[in-house]
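Notes to accompany the following structure.
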Amino acid sequence: MRKTAKLLSLLLCIALCLSVGALASNEGGSGEAYVASSEGSAASPYGFHGSGSALTASGAVNLPDGDLAVEGQAIIAVGASAVQNSGSSDLVVRDSVIVGVDPDPTQPLAGNPGNLLVAGNVRTTLALSQGHSYYINSTIVSSNWAALSTDGAVPATEAGQEELSLYAYGALARTTEGGYGAYSDLFCNLYLYGSDIEAAEIGIISGTYGKVVADTIAAGEADGNLSQYLTDADKAAQADKDLGSVVSGGRNAIMIHSVNLPPYWAYEGYSQEELPLYSTPVVVNGSTLRTDLDLDMGVEYAAQKQAYIDHTAGSVILVKSTNTDIRLTDSRLIADPRGTGAVIHTVYNNDTMFMNAVPDGEQYPGVSVTMTGMEVVGDIIHEDYQRDLTLTLSDTVLEGAVNGYDCGHWNAVAAAEGFTDYALDASYAAAHGVIVVLEDGASWTVTGESTLSGLTIGEGCSVSGTMTVDGIPTEAAPGTYAGVIVIAP
């Protein structure tokens with residue numbers, strides 16, 4: 001039995017051995033739940049403060065517009081959310097264990113959510129509307145679908161409003177059979193500080209119009225939105241202030257997917273024309289992103305979906321037909337070599353209904369990746385032929401191949417591997433590719449034939465390989481080059 005399965009069994013035993021109690025909110029909740037007594041509530045300004053109890057419910061605990069504290073609890077929910085907040089409420093979970101159990105077999109999500117390509121029926125936690133959730137030194141486990149989830153956010157369009165945000169400090173989040181560890185849905189922000197996310201399929205999913213941050217304990221204590229809820233005891237429990245976050249996925253560590261939904265077009269600044277030009281911010285500092293195919297429990301998908309999944313399995317950061325600004329500093333990217341071997345991988349989105357397609361001949365912001373102060377081993381595969389990918393290496397050592405591909409390549413791969421439903425263009429004439437920029441002493445050792453559309457080598461930087469530009473042998477000396485650039489090991 002793998003370690004995550006053992007962890008789930010242990011947590012279930014802990015929860016079941018404790019007396020049956022529940023959670024309390026300032027305003028109660030809709031949905032089925034047990035409400036705890038108010039005994040001990042004076043110990044916390046936010047709500048119920050208990051010494052340890054368990055919740056078993058077949059429905060969600062719903063906490064609209066009311067603050068809630070869950071402290072020192074062991075909570076188990078069967079077939080539903082264990083804790084949920086919405087409106088403008090604050091949810092603080094401290095020193096607790098929360099487990100979501102799915103009594104049914106783990107199957108791929110059906111309907112429109114099925115295009116996430118994750119499996120399951122249970123989201124252990126859920127934040128909605130403009131709620132703020134804080135998971136402090138706690139463990140959250142789901143058998144599938146999601147451990148830390150966000151959904152149904154309302155954009156902040158009026159003075160004093162804040163977007164939905166979820167914070168994890170010294171937390172552990174797990175999905176053991178399928179699904180994702182944490183989700184930054186549309187207009188939802190996810191902040192991980194010294195937290196460990198591990199999922200059978202995808203560590204973190206970003207739904208395009210929110211922010212993902214993975215950083216250290218020290219950064220969390222410096223974040224004013226989080227620090228207002230951190231006690232001295234919370235901080236004392238995390239002695240290593242440089243401890244970063246670790247995000248692991250059985251398929252991908254982070255997946256950023258393309259979403260353009262009509263309900264949001266009515267909001268100012270989020271029109272149908274403006275949304276496709278937005279760039280998702282992803283910031284990773286002092287942390288680790290990794291893939292581990294052993295985490296994948298082998299849930300079976302329909303043939304074309306499975307073929308598409310297999311094509312991207314093992315890539316650390318996967319970007320699906322969307323613009324994004326990924327900033328990686330002093331961090332590690334570890335690709336399972338049994339998969340694609342890619343640390344960055346862009347593809348055409350499998351959800352073709354709401355995707356941000358780029359009209360042929362137009363230029364969208366594209367994908368920007370900046371690596372600073374890092375040592376990276378792995379490939380960069382750019383198969384989203386509708387956008388440019390700009391890779392900036394600053395004080396960074398890269399060993400790998402970097403390749404940009406066109407529409408013909410994607411169609412050929414889709415035909416060969418069996419996912420032609422996701423190859424909709426017979427031809428896409430606009431040329432997009434990969435632009436690599438080396439600065440501040442960066443070096444790139446080319447380990448496989450690489451094809452670029454642009455290359456800038458700064459003074460003191462180096463590219464180890466044999467280069468041609470438009471078929472002409474060219475020394476890889478400091479300077480700027482454009483055209484069809486091919487670099488061989």
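As shown in the structure tokens, the chain order sets the letters A, B, ...; within each chain, residues go from 1, and ligands are also counted from 1 in the order they appear.
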Secondary structure check, helix (DSSP H, G or I) residues of stretch 60-285 of chain A, as an MDAnalysis selection string: chainID A and resid 112:116 217:222 224:227 232:236 262:264 275:277
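For A:Tyr301, the set of protein, DNA and RNA residues having any atom at most 7 Å away, when counting only C-alpha atoms and skipping those fewer than 4 positions along the same chain, is Pro108, Lys305 and Gln306 of chain A.
The spacing separating atom CA of A:Phe419 from atom CA of A:Val347 amounts to 12.4 Å.
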Counting only C-alpha atoms, the option among A:Thr324, A:Tyr348, A:Cys188, A:Leu126 closest to A:Ala414: A:Tyr348
Skipping near chain neighbours, those fewer than 6 positions away, what residues fall within 6 Å of A:Ile204 using only C-alpha atoms, listed as a short mmCIF file (atom, residue, chain, number, x, y, z; two decimals) with N, CA and C atoms, in the first residue's frame?
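File written: result-v5.cif
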data_model
loop_
_atom_site.label_atom_id
_atom_site.label_comp_id
_atom_site.auth_asym_id
_atom_site.auth_seq_id
_atom_site.Cartn_x
_atom_site.Cartn_y
_atom_site.Cartn_z
N GLY A 181 -5.01 18.38 -5.78
CA GLY A 181 -4.79 18.78 -4.40
C GLY A 181 -5.40 20.12 -4.07
N ALA A 182 -5.25 21.11 -4.97
CA ALA A 182 -5.77 22.45 -4.73
C ALA A 182 -6.14 23.08 -6.07
N TYR A 183 -7.10 24.01 -6.00
CA TYR A 183 -7.62 24.61 -7.24
C TYR A 183 -7.72 26.12 -7.07
N ILE A 254 1.45 21.28 -11.73
CA ILE A 254 0.53 22.40 -11.94
C ILE A 254 -0.03 22.31 -13.35
#
